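Student: This one is target-v2.csv, CSV, C-alpha atoms and all ligand atoms.
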```
chain,number,residue,atom,x,y,z
P,1,MET,CA,-3.4,24.0,-7.3
P,2,LYS,CA,-2.3,20.7,-6.0
P,3,PHE,CA,0.0,18.4,-8.0
P,4,ARG,CA,-2.7,16.1,-9.2
P,5,THR,CA,-4.9,19.0,-10.4
P,6,ARG,CA,-1.9,20.6,-12.2
P,7,ALA,CA,-1.1,17.3,-13.9
P,8,ILE,CA,-4.6,17.4,-15.5
P,9,HIS,CA,-5.1,21.1,-16.1
P,10,VAL,CA,-1.8,22.9,-16.7
P,11,GLY,CA,-0.8,22.6,-20.4
P,12,ASN,CA,-4.1,20.9,-21.2
P,13,ARG,CA,-6.5,23.5,-22.4
P,14,PRO,CA,-9.5,22.6,-24.7
P,15,ASP,CA,-9.0,23.5,-28.3
P,16,PRO,CA,-10.4,27.1,-28.7
P,17,GLN,CA,-11.5,26.4,-32.3
P,18,THR,CA,-13.6,23.3,-31.8
P,19,GLY,CA,-14.0,22.9,-28.0
P,20,ALA,CA,-12.4,19.5,-28.2
P,21,VAL,CA,-11.4,18.7,-24.5
P,22,ILE,CA,-8.2,17.0,-25.8
P,23,PRO,CA,-6.2,19.4,-28.0
P,24,PRO,CA,-5.5,18.0,-31.5
P,25,LEU,CA,-2.1,16.7,-32.6
P,26,TYR,CA,-0.2,19.1,-34.9
P,27,LEU,CA,1.7,16.8,-37.2
P,28,ALA,CA,3.0,19.7,-39.4
P,29,SER,CA,6.7,19.9,-39.7
P,30,THR,CA,6.5,23.6,-40.8
P,31,PHE,CA,4.3,26.6,-40.1
P,32,VAL,CA,3.3,29.6,-42.3
P,33,GLN,CA,5.2,32.8,-41.3
P,34,PRO,CA,3.6,36.3,-41.1
P,35,GLY,CA,6.2,37.6,-43.5
P,36,ALA,CA,9.7,37.0,-44.6
P,37,GLY,CA,12.0,37.3,-41.6
P,38,GLN,CA,9.0,37.5,-39.3
P,39,TRP,CA,8.3,34.7,-36.9
P,40,GLY,CA,5.1,33.5,-35.3
P,41,GLU,CA,4.9,31.4,-32.2
P,42,PHE,CA,5.9,28.3,-34.2
P,43,ASP,CA,7.9,28.1,-37.4
P,44,TYR,CA,9.5,24.6,-37.7
P,45,SER,CA,8.8,21.6,-35.5
P,46,ARG,CA,12.4,20.9,-34.5
P,47,SER,CA,12.3,24.4,-32.9
P,48,GLY,CA,8.8,24.0,-31.4
P,49,ASN,CA,5.5,22.2,-31.9
P,50,PRO,CA,2.2,23.0,-30.1
P,51,GLY,CA,1.8,19.5,-28.5
P,52,ARG,CA,5.5,19.5,-27.3
P,53,SER,CA,5.1,23.0,-25.9
P,54,ALA,CA,1.9,22.0,-24.0
P,55,VAL,CA,3.5,19.0,-22.3
P,56,GLN,CA,6.6,21.0,-21.5
P,57,GLU,CA,4.3,23.4,-19.7
P,58,THR,CA,2.9,20.6,-17.6
P,59,LEU,CA,6.4,19.2,-16.8
P,60,THR,CA,7.6,22.7,-15.7
P,61,SER,CA,4.7,22.9,-13.3
P,62,LEU,CA,5.1,19.4,-11.9
P,63,GLU,CA,8.9,19.8,-11.2
P,64,GLY,CA,8.6,23.5,-10.2
P,65,GLY,CA,11.1,24.8,-12.7
P,66,TYR,CA,11.6,27.8,-15.0
P,67,GLY,CA,11.0,25.7,-18.2
P,68,ALA,CA,11.2,22.2,-19.6
P,69,LEU,CA,12.3,20.5,-22.8
P,70,ALA,CA,11.0,17.2,-24.2
P,71,PHE,CA,13.4,14.9,-26.0
P,72,SER,CA,13.2,11.7,-28.1
P,73,SER,CA,14.6,9.6,-25.3
P,74,GLY,CA,16.1,9.9,-21.8
P,75,MET,CA,19.6,9.4,-23.2
P,76,ALA,CA,19.0,12.3,-25.7
P,77,ALA,CA,18.1,14.5,-22.7
P,78,THR,CA,21.3,13.3,-20.9
P,79,HIS,CA,23.4,13.8,-23.9
P,80,CYS,CA,22.1,17.4,-24.2
P,81,VAL,CA,23.2,18.1,-20.6
P,82,THR,CA,26.7,16.7,-21.3
P,83,LEU,CA,27.0,19.1,-24.3
P,84,LEU,CA,27.1,21.9,-21.7
P,85,LEU,CA,30.7,20.6,-21.0
P,86,ASN,CA,33.8,21.2,-23.0
P,87,SER,CA,36.9,19.1,-23.7
P,88,GLY,CA,39.1,19.3,-20.6
P,89,ASP,CA,36.1,19.6,-18.2
P,90,HIS,CA,35.5,17.1,-15.4
P,91,LEU,CA,32.2,15.5,-14.4
P,92,ILE,CA,31.5,13.8,-11.1
P,93,ALA,CA,28.7,11.2,-11.0
P,94,GLY,CA,27.3,8.9,-8.4
P,95,ASN,CA,28.3,5.2,-8.7
P,96,ASP,CA,24.7,3.9,-8.3
P,97,LEU,CA,24.1,4.9,-11.9
P,98,TYR,CA,21.9,3.9,-14.8
P,99,GLY,CA,23.8,1.7,-17.2
P,100,GLY,CA,23.2,3.8,-20.2
P,101,SER,CA,24.4,7.0,-18.4
P,102,TYR,CA,27.5,5.0,-17.4
P,103,ARG,CA,28.1,4.2,-21.1
P,104,LEU,CA,27.5,7.7,-22.4
P,105,PHE,CA,29.8,9.2,-19.8
P,106,HIS,CA,32.6,6.6,-20.3
P,107,LYS,CA,32.4,5.9,-24.0
P,108,ILE,CA,31.2,9.2,-25.5
P,109,CYS,CA,32.2,11.9,-23.1
P,110,ASN,CA,35.6,10.4,-22.4
P,111,SER,CA,36.4,10.2,-26.1
P,112,ILE,CA,35.9,13.9,-26.5
P,113,GLY,CA,38.1,14.8,-23.6
P,114,ILE,CA,35.6,15.0,-20.7
P,115,GLU,CA,36.9,13.2,-17.6
P,116,VAL,CA,34.4,11.3,-15.4
P,117,SER,CA,34.8,10.2,-11.8
P,118,LEU,CA,32.3,7.9,-10.1
P,119,VAL,CA,31.9,8.4,-6.4
P,120,ASP,CA,29.9,6.9,-3.6
P,121,LEU,CA,27.4,9.7,-3.0
P,122,ASN,CA,26.9,8.6,0.6
P,123,ASP,CA,30.4,9.7,1.3
P,124,LEU,CA,30.3,13.5,1.3
P,125,SER,CA,34.0,13.8,1.9
P,126,ALA,CA,34.7,11.6,-1.2
P,127,ILE,CA,32.6,14.1,-3.2
P,128,ARG,CA,34.5,17.0,-1.9
P,129,LYS,CA,37.8,15.3,-2.6
P,130,ALA,CA,36.8,14.4,-6.2
P,131,VAL,CA,36.3,18.1,-7.0
P,132,ARG,CA,39.1,19.6,-9.2
P,133,PRO,CA,39.7,23.0,-10.7
P,134,GLU,CA,38.3,21.7,-14.0
P,135,THR,CA,35.2,20.1,-12.4
P,136,LYS,CA,32.0,21.6,-13.9
P,137,MET,CA,29.1,19.3,-13.0
P,138,ILE,CA,27.8,16.7,-10.6
P,139,TRP,CA,25.3,14.1,-11.8
P,140,LEU,CA,23.3,12.1,-9.4
P,141,GLU,CA,20.1,10.0,-9.3
P,142,GLY,CA,17.5,11.0,-6.7
P,143,ILE,CA,16.9,7.3,-6.1
P,144,GLY,CA,20.0,5.4,-7.3
P,145,ASN,CA,20.0,2.3,-9.6
P,146,PRO,CA,19.9,-0.6,-8.8
P,147,ARG,CA,20.7,-0.3,-5.1
P,148,LEU,CA,18.0,2.3,-4.6
P,149,SER,CA,20.3,4.5,-2.6
P,150,VAL,CA,18.8,7.9,-1.5
P,151,PRO,CA,21.6,10.4,-1.5
P,152,ASP,CA,21.6,13.5,0.7
P,153,LEU,CA,20.5,15.9,-2.0
P,154,PRO,CA,20.6,19.1,0.0
P,155,ALA,CA,24.1,18.4,1.2
P,156,ILE,CA,25.3,17.5,-2.3
P,157,VAL,CA,23.7,20.7,-3.8
P,158,GLU,CA,25.6,22.7,-1.1
P,159,ILE,CA,28.9,21.1,-2.0
P,160,GLY,CA,28.2,21.5,-5.7
P,161,HIS,CA,27.3,25.2,-5.4
P,162,ALA,CA,30.2,26.0,-3.1
P,163,ASN,CA,32.4,24.8,-6.0
P,164,SER,CA,30.4,26.5,-8.7
P,165,LEU,CA,29.3,23.2,-10.2
P,166,LEU,CA,26.0,22.6,-12.0
P,167,VAL,CA,24.0,20.0,-10.0
P,168,VAL,CA,22.0,17.7,-12.3
P,169,VAL,CA,19.5,15.1,-10.9
P,170,ASP,CA,18.2,12.1,-12.9
P,171,ASN,CA,14.8,12.0,-11.2
P,172,THR,CA,13.5,9.0,-13.2
P,173,PHE,CA,13.0,6.7,-10.2
P,174,ALA,CA,11.6,9.2,-7.7
P,175,THR,CA,9.4,11.2,-10.2
P,176,PRO,CA,8.2,14.7,-9.1
P,177,VAL,CA,5.6,12.9,-7.0
P,178,LEU,CA,8.2,11.8,-4.5
P,179,GLN,CA,10.9,14.4,-4.9
P,180,ARG,CA,11.3,17.7,-6.7
P,181,PRO,CA,15.1,18.3,-6.8
P,182,LEU,CA,14.8,21.9,-7.9
P,183,GLU,CA,13.2,22.7,-4.6
P,184,TYR,CA,16.4,21.6,-3.0
P,185,GLY,CA,18.4,23.9,-5.2
P,186,ALA,CA,19.4,21.5,-8.0
P,187,ASP,CA,20.0,23.3,-11.4
P,188,ILE,CA,18.6,20.7,-13.9
P,189,VAL,CA,16.3,17.7,-13.5
P,190,MET,CA,16.4,15.0,-16.1
P,191,HIS,CA,13.9,12.2,-16.7
P,192,SER,CA,13.6,9.1,-18.8
P,193,ALA,CA,9.9,9.8,-19.3
P,194,THR,CA,9.8,6.4,-21.0
P,195,LYS,CA,9.4,5.1,-17.5
P,196,PHE,CA,6.9,6.4,-14.9
P,197,MET,CA,5.9,9.6,-16.7
P,198,GLY,CA,4.7,7.8,-19.8
P,199,GLY,CA,3.8,4.9,-17.6
P,200,HIS,CA,2.4,2.4,-20.1
P,201,SER,CA,5.5,1.0,-21.9
P,202,ASP,CA,4.4,2.6,-25.2
P,203,CYS,CA,6.4,5.8,-25.5
P,204,LEU,CA,10.1,6.6,-25.5
P,205,ALA,CA,10.7,10.1,-24.2
P,206,GLY,CA,13.2,12.2,-22.2
P,207,VAL,CA,12.8,15.4,-20.3
P,208,LEU,CA,14.9,18.2,-18.9
P,209,VAL,CA,13.6,20.8,-16.5
P,210,ALA,CA,15.8,23.9,-15.8
P,211,LYS,CA,15.8,26.0,-12.7
P,212,SER,CA,16.6,29.3,-14.5
P,213,GLN,CA,16.0,31.1,-17.8
P,214,GLU,CA,19.8,31.2,-18.4
P,215,ILE,CA,20.2,27.4,-18.1
P,216,LEU,CA,17.0,26.7,-20.1
P,217,GLY,CA,18.3,29.0,-22.9
P,218,ARG,CA,21.6,27.1,-23.1
P,219,LEU,CA,19.9,23.7,-23.2
P,220,TYR,CA,17.3,24.9,-25.7
P,221,PHE,CA,20.1,26.1,-28.0
P,222,ILE,CA,21.8,22.7,-27.9
P,223,GLN,CA,18.5,20.8,-28.4
P,224,ASN,CA,17.5,22.9,-31.4
P,225,ALA,CA,21.0,22.6,-32.8
P,226,THR,CA,21.3,18.9,-32.4
P,227,GLY,CA,17.6,17.9,-33.0
P,228,ALA,CA,16.6,15.0,-30.7
P,229,VAL,CA,13.1,16.5,-30.0
P,230,LEU,CA,10.0,14.6,-28.9
P,231,GLY,CA,7.5,14.0,-31.8
P,232,PRO,CA,3.9,15.1,-31.7
P,233,LEU,CA,2.4,11.6,-31.1
P,234,GLU,CA,4.9,10.9,-28.2
P,235,SER,CA,4.1,14.3,-26.8
P,236,PHE,CA,0.5,13.4,-26.7
P,237,LEU,CA,1.2,10.0,-25.0
P,238,LEU,CA,3.4,11.6,-22.5
P,239,ALA,CA,0.8,14.3,-21.7
P,240,ARG,CA,-1.8,11.5,-21.2
P,241,GLY,CA,0.5,9.5,-18.9
P,242,LEU,CA,1.2,12.6,-16.7
P,243,LYS,CA,-2.4,12.9,-15.8
P,244,THR,CA,-2.4,9.7,-13.8
P,245,LEU,CA,1.3,10.0,-12.6
P,246,GLU,CA,0.6,10.6,-9.0
P,247,LEU,CA,-2.1,7.9,-8.7
P,248,ARG,CA,0.1,5.4,-10.3
P,249,VAL,CA,3.2,6.2,-8.3
P,250,ARG,CA,1.5,6.2,-5.0
P,251,GLU,CA,-0.4,2.9,-5.7
P,252,GLN,CA,2.6,1.1,-7.2
P,253,SER,CA,4.7,2.3,-4.2
P,254,LYS,CA,2.2,0.8,-1.8
P,255,SER,CA,2.4,-2.6,-3.6
P,256,ALA,CA,6.2,-2.3,-3.7
P,257,LEU,CA,6.4,-1.9,0.1
P,258,GLU,CA,4.1,-5.0,0.6
P,259,ILE,CA,6.3,-7.0,-1.8
P,260,ALA,CA,9.5,-5.8,-0.1
P,261,LYS,CA,8.2,-6.9,3.3
P,262,PHE,CA,7.2,-10.3,1.8
P,263,LEU,CA,10.6,-10.8,0.3
P,264,GLU,CA,12.4,-9.8,3.5
P,265,LYS,CA,10.8,-12.8,5.3
P,266,HIS,CA,11.3,-15.3,2.4
P,267,PRO,CA,13.7,-18.1,3.2
P,268,GLY,CA,15.0,-18.0,-0.4
P,269,VAL,CA,16.0,-14.4,-0.2
P,270,GLU,CA,19.4,-13.2,0.9
P,271,LYS,CA,18.7,-9.5,1.2
P,272,VAL,CA,16.2,-6.9,0.1
P,273,LEU,CA,17.0,-3.3,-0.9
P,274,TYR,CA,14.0,-1.1,-0.6
P,275,PRO,CA,14.2,2.4,0.9
P,276,GLY,CA,10.9,1.9,2.6
P,277,LEU,CA,12.3,-0.9,4.8
P,278,GLU,CA,14.1,-0.1,8.0
P,279,SER,CA,16.9,-2.4,6.9
P,280,HIS,CA,17.8,-0.1,4.0
P,281,PRO,CA,21.0,1.9,4.7
P,282,ASP,CA,19.2,5.1,3.6
P,283,HIS,CA,15.8,4.5,5.2
P,284,ASP,CA,15.9,7.6,7.5
P,285,ARG,CA,17.0,9.9,4.7
P,286,ALA,CA,14.4,8.4,2.4
P,287,LYS,CA,11.7,9.2,5.0
P,288,GLN,CA,12.9,12.8,5.1
P,289,LEU,CA,13.5,13.4,1.4
P,290,LEU,CA,10.8,11.4,-0.3
P,291,ASP,CA,7.3,12.6,-0.2
P,292,GLY,CA,5.2,10.0,1.7
P,293,ALA,CA,6.2,6.9,-0.2
P,294,PHE,CA,9.4,5.1,-1.4
P,295,GLY,CA,8.9,4.3,-5.0
P,296,ALA,CA,7.9,1.3,-7.1
P,297,MET,CA,11.3,-0.3,-7.5
P,298,VAL,CA,12.5,-3.2,-5.4
P,299,THR,CA,15.9,-4.9,-5.6
P,300,PHE,CA,16.7,-8.1,-3.9
P,301,ALA,CA,19.4,-10.8,-3.9
P,302,ALA,CA,18.2,-14.4,-4.1
P,303,LYS,CA,20.0,-17.3,-2.5
P,304,CYS,CA,21.0,-18.5,-5.9
P,305,ASP,CA,24.1,-18.6,-8.1
P,306,PHE,CA,24.3,-16.9,-11.5
P,307,GLU,CA,22.5,-19.6,-13.5
P,308,ALA,CA,19.8,-20.2,-10.9
P,309,THR,CA,19.2,-16.4,-10.9
P,310,ARG,CA,18.8,-16.5,-14.7
P,311,LYS,CA,16.3,-19.3,-14.3
P,312,LEU,CA,14.4,-17.4,-11.5
P,313,VAL,CA,13.8,-14.3,-13.6
P,314,LYS,CA,12.5,-16.4,-16.4
P,315,SER,CA,10.1,-18.3,-14.2
P,316,THR,CA,7.7,-15.5,-13.3
P,317,LYS,CA,4.3,-15.4,-15.1
P,318,LEU,CA,3.0,-11.9,-14.3
P,319,PHE,CA,6.4,-10.1,-14.1
P,320,HIS,CA,7.7,-9.8,-17.6
P,321,LEU,CA,11.4,-10.4,-18.1
P,322,ALA,CA,12.4,-7.1,-19.6
P,323,VAL,CA,14.5,-4.0,-19.0
P,324,SER,CA,12.7,-0.6,-18.4
P,325,LEU,CA,10.4,0.2,-15.5
P,326,GLY,CA,7.7,2.4,-14.2
P,327,ALA,CA,4.8,1.1,-16.2
P,328,VAL,CA,1.5,-0.4,-15.2
P,329,GLU,CA,2.8,-3.9,-16.0
P,330,SER,CA,5.3,-5.4,-13.5
P,331,LEU,CA,8.8,-6.2,-14.8
P,332,ILE,CA,11.7,-8.3,-13.5
P,333,GLU,CA,15.3,-8.3,-14.6
P,334,GLN,CA,18.9,-9.3,-13.7
P,335,PRO,CA,21.0,-6.1,-13.6
P,336,ALA,CA,24.3,-7.9,-14.1
P,337,THR,CA,23.3,-9.2,-17.5
P,338,MET,CA,20.6,-6.6,-18.5
P,339,SER,CA,20.2,-3.0,-17.2
P,340,HIS,CA,23.9,-2.8,-16.0
P,341,ALA,CA,25.5,-4.9,-18.7
P,342,SER,CA,27.3,-1.8,-20.1
P,343,TYR,CA,29.3,-1.4,-16.9
P,344,ASP,CA,32.7,-3.0,-17.0
P,345,SER,CA,32.8,-5.9,-14.6
P,346,ALA,CA,35.1,-4.3,-12.0
P,347,ALA,CA,32.8,-1.3,-11.8
P,348,ARG,CA,29.8,-3.6,-11.6
P,349,LEU,CA,31.1,-5.4,-8.5
P,350,GLN,CA,32.2,-2.1,-6.9
P,351,ALA,CA,28.7,-0.8,-7.3
P,352,GLY,CA,27.4,-3.9,-5.5
P,353,ILE,CA,25.8,-5.5,-8.6
P,354,THR,CA,26.3,-9.1,-7.9
P,355,ASP,CA,25.1,-12.0,-10.2
P,356,ASN,CA,22.2,-12.9,-7.9
P,357,LEU,CA,20.8,-9.4,-7.7
P,358,ILE,CA,17.3,-9.0,-9.2
P,359,ARG,CA,15.4,-5.8,-9.8
P,360,LEU,CA,11.6,-5.5,-9.8
P,361,SER,CA,9.5,-2.7,-11.2
P,362,VAL,CA,6.2,-3.1,-9.5
P,363,GLY,CA,3.1,-2.3,-11.6
P,364,LEU,CA,-0.6,-1.9,-10.9
P,365,GLU,CA,-1.6,-5.5,-10.7
P,366,ASP,CA,-3.1,-6.7,-7.4
P,367,PRO,CA,-0.1,-7.1,-5.1
P,368,GLU,CA,-1.4,-10.5,-3.8
P,369,ASP,CA,-1.1,-11.9,-7.4
P,370,LEU,CA,2.4,-10.4,-7.7
P,371,ILE,CA,3.5,-12.0,-4.4
P,372,ASP,CA,2.2,-15.4,-5.4
P,373,ASP,CA,4.1,-15.1,-8.7
P,374,LEU,CA,7.4,-14.2,-7.0
P,375,ASP,CA,7.0,-16.9,-4.4
P,376,GLN,CA,6.7,-19.7,-7.0
P,377,ALA,CA,9.6,-18.2,-9.0
P,378,ILE,CA,12.0,-18.0,-6.0
P,379,ARG,CA,11.1,-21.6,-5.2
P,380,THR,CA,12.6,-22.6,-8.6
P,381,CYS,CA,16.1,-22.0,-7.2
P,382,THR,CA,15.9,-23.2,-3.6
S,401,LIG,C1,15.8,4.4,-18.8
S,401,LIG,C2,16.7,5.3,-18.0
S,401,LIG,C3,17.4,6.3,-18.6
S,401,LIG,C4,17.5,6.4,-20.1
S,401,LIG,O1,16.3,6.8,-20.7
S,401,LIG,P1,15.8,6.3,-22.2
S,401,LIG,O2,14.4,6.8,-22.3
S,401,LIG,O3,15.8,4.8,-22.2
S,401,LIG,O4,16.7,6.8,-23.2
S,401,LIG,C5,18.1,7.2,-17.8
S,401,LIG,N1,18.1,7.1,-16.5
S,401,LIG,C6,17.4,6.2,-15.8
S,401,LIG,C7,17.4,6.2,-14.3
S,401,LIG,C8,16.6,5.3,-16.6
S,401,LIG,O5,16.0,4.3,-15.9
```
The structure given in the file should be rewritten as structure tokens.
Ligand SMILES: *Cc1c(COP(=O)(O)O)cnc(C)c1O

Tutor:
Amino acid sequence: MKFRTRAIHVGNRPDPQTGAVIPPLYLASTFVQPGAGQWGEFDYSRSGNPGRSAVQETLTSLEGGYGALAFSSGMAATHCVTLLLNSGDHLIAGNDLYGGSYRLFHKICNSIGIEVSLVDLNDLSAIRKAVRPETKMIWLEGIGNPRLSVPDLPAIVEIGHANSLLVVVDNTFATPVLQRPLEYGADIVMHSATKFMGGHSDCLAGVLVAKSQEILGRLYFIQNATGAVLGPLESFLLARGLKTLELRVREQSKSALEIAKFLEKHPGVEKVLYPGLESHPDHDRAKQLLDGAFGAMVTFAAKCDFEATRKLVKSTKLFHLAVSLGAVESLIEQPATMSHASYDSAARLQAGITDNLIRLSVGLEDPEDLIDDLDQAIRTCT
């Protein structure tokens, strides 16, 4: 079955008892056991819940993994992965990195003795050089944030596996519609399902998909031991969002390309970063590694100073000024003060996050309306 069909049918069976096309929510925290010391399919909802199991089945199919785990947030999923590491281990991560991952790696992992090196993932020799005897894992984003870099995933997997590292891909921006990292040999895929997968700004969720039974087993043990599982209502909302994932991502990507082309010609714009534009440094690789579209995120630098940029992002009427992304409503933000505020300022500049950088998450509104809205907002600072 094709992706879109699996998104609707895998993990979504009618309720055998009532025929309800949409299975019921099981709010129960505990389940009756067949006997003392005997276990049924479910026993306690931290360890497993029918709605969570169902959406995990859908996620496994969409990413092409061995199995999936659903968490209470993307950061909970990321934290679970970092708990595969021990004190003394070393982690390599890309420097085009989500602000919350930066904070977790530098403030939580560092404090328990895990060292973290950020590298430019476009520099394969820098990755090789960063590997030490104690390096255990490499963490990257399939489409980086906020520069929308597209790293050479097959080459990085090869370097990782040649050095016995686990390769983990935060696939939040690309979604399995545009890239399925396990097909390129990655070991674990992570998602903030709060974003495109949920898709409606109404559900906080995180996902891990593992390549093998062995990795899934280790992650499941940590998740069950630490407890940041996805609740039944959020599991339902996530399952509902996944059914339209491909339609949304393809349509939003189409609008994003139109908007990027408009911005590139705008006299008030200094530069546009969109992997679908020929001017993007990773455009050729994006064409090769992303499946037929370039995503719904657009980053651009306005010809404005810090204060004027703050004014610009407050001046849109359709784009809401908010962090997060991937939903049907379009959002605008200033990475330097919002999504990437948890970077220290030197790291922020090194990652190219200037004060005049603006990140858009393009939603499902008519692109002409979105373009008009951006045009009037950019004029506020020129
Ligand atoms: C939002 C986000 C996260 C964190 O996910 P939460 O659901 O907010 O905890 C991680 N990575 C990326 C790329 C994100 O955009």

Student: At a cut-off of 8 Å around the point (9.8, 27.1, -13.9) (file coordinates), what residues fall inside when counting only C-alpha atoms? I'd like the answer as a list in words.

Tutor: Thr60, Ser61, Glu63, Gly64, Gly65, Tyr66, Gly67, Ala68, Val209, Ala210, Lys211 and Ser212 of chain P

Student: Grab me every residue within 7 Å of ligand LIG 401 (chain S), counting all atoms listed in the file, and send it over as an NGL selection string.

Tutor: :P and (73-76 or 98 or 100-101 or 141 or 145 or 170 or 172-173 or 191-195 or 204-206 or 324-325)

Student: Just checking: using all atoms listed in the file, which residue out of P:Thr82, P:Gln376, P:Asp366, P:Leu97 ends up closest to Glu115 in chain P?

Tutor: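 Closest to Glu115 in chain P of all the choices is P:Thr82.
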
Student: Which of these, P:His79, P:Asp89, P:Gln38, P:Thr18, has the shortest distance to Tyr102 in chain P once you count all atoms listed in the file?

Tutor: P:His79

Student: Which polymer residues, protein or nucleic acid, are no farther than 9 Å from (15.5, 10.4, -1.0), counting only C-alpha atoms, as a VMD selection string?

Tutor: chain P and resid 142 to 143 149 to 153 174 178 to 179 275 282 to 291 294

Student: Name the residues in contact with Val298 in chain P at a cut-off of 6 Å, using all atoms listed in the file, excluding same-chain residues fewer than 4 positions from it; report them as JSON, numbers by chain.

Tutor: {"P": [274, 359, 360]}

Student: Between CA of Arg250 in chain P and CA of Ala293 in chain P, what is the distance, to one decimal in Å?

Tutor: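 Distance reported for this atom pair: 6.8 Å.
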
Student: Would you mind reading off the distance between CA of Val313 in chain P and CA of Ile378 in chain P, one decimal, in Å?

Tutor: 8.6 Å

Student: Can you measure CA of Lys311 in chain P to CA of Leu374 in chain P for me? One decimal in Å is fine.

Tutor: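 Spanning CA of Lys311 in chain P to CA of Leu374 in chain P is a straight-line distance of 12.6 Å.
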
Student: Which residue out of P:Ala7, P:Leu349, P:Leu237, P:Ala36 has the minimum interatomic distance to Gly198 in chain P when only C-alpha atoms are used?

Tutor: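 Closest to Gly198 in chain P, using only C-alpha atoms: P:Leu237.
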
Student: Need to verify the contact set: range 154-167 of chain P, 9 Å, only C-alpha atoms, exclusion of same-chain residues closer than 3 positions in sequence. Can you return it as a ChimeraX atom specification?

Tutor: /P:121,124,127-128,131,133,135-140,151,181,184-189

Student: Which residue is closest to Lys261 in chain P? Choose from P:Gly352, P:Ser315, P:Leu219, P:Pro367 and count only C-alpha atoms.

Tutor: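 For Lys261 in chain P, the nearest of the candidates is P:Pro367.
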
Student: For range 22-26 of chain P, work out the shell of residues within 7 Å, counting only C-alpha atoms and skipping chain neighbours fewer than 5 positions away, then give it as a PyMOL selection string.

Tutor: chain P and resi 13-15+50-51+232-233

Student: Which of these, P:Gly37, P:Gly199, P:Gly227, P:Pro335, has the shortest distance to Leu364 in chain P once you count all atoms listed in the file?

Tutor: P:Gly199

Student: For Arg310 in chain P, find every residue with an atom within 12 Å (counting only C-alpha atoms), except residues of its own chain fewer than 4 positions away, and show them as a PyMOL selection string.

Tutor: chain P and resi 302+304-306+314-316+321+332-338+355-358+377-378+380-381
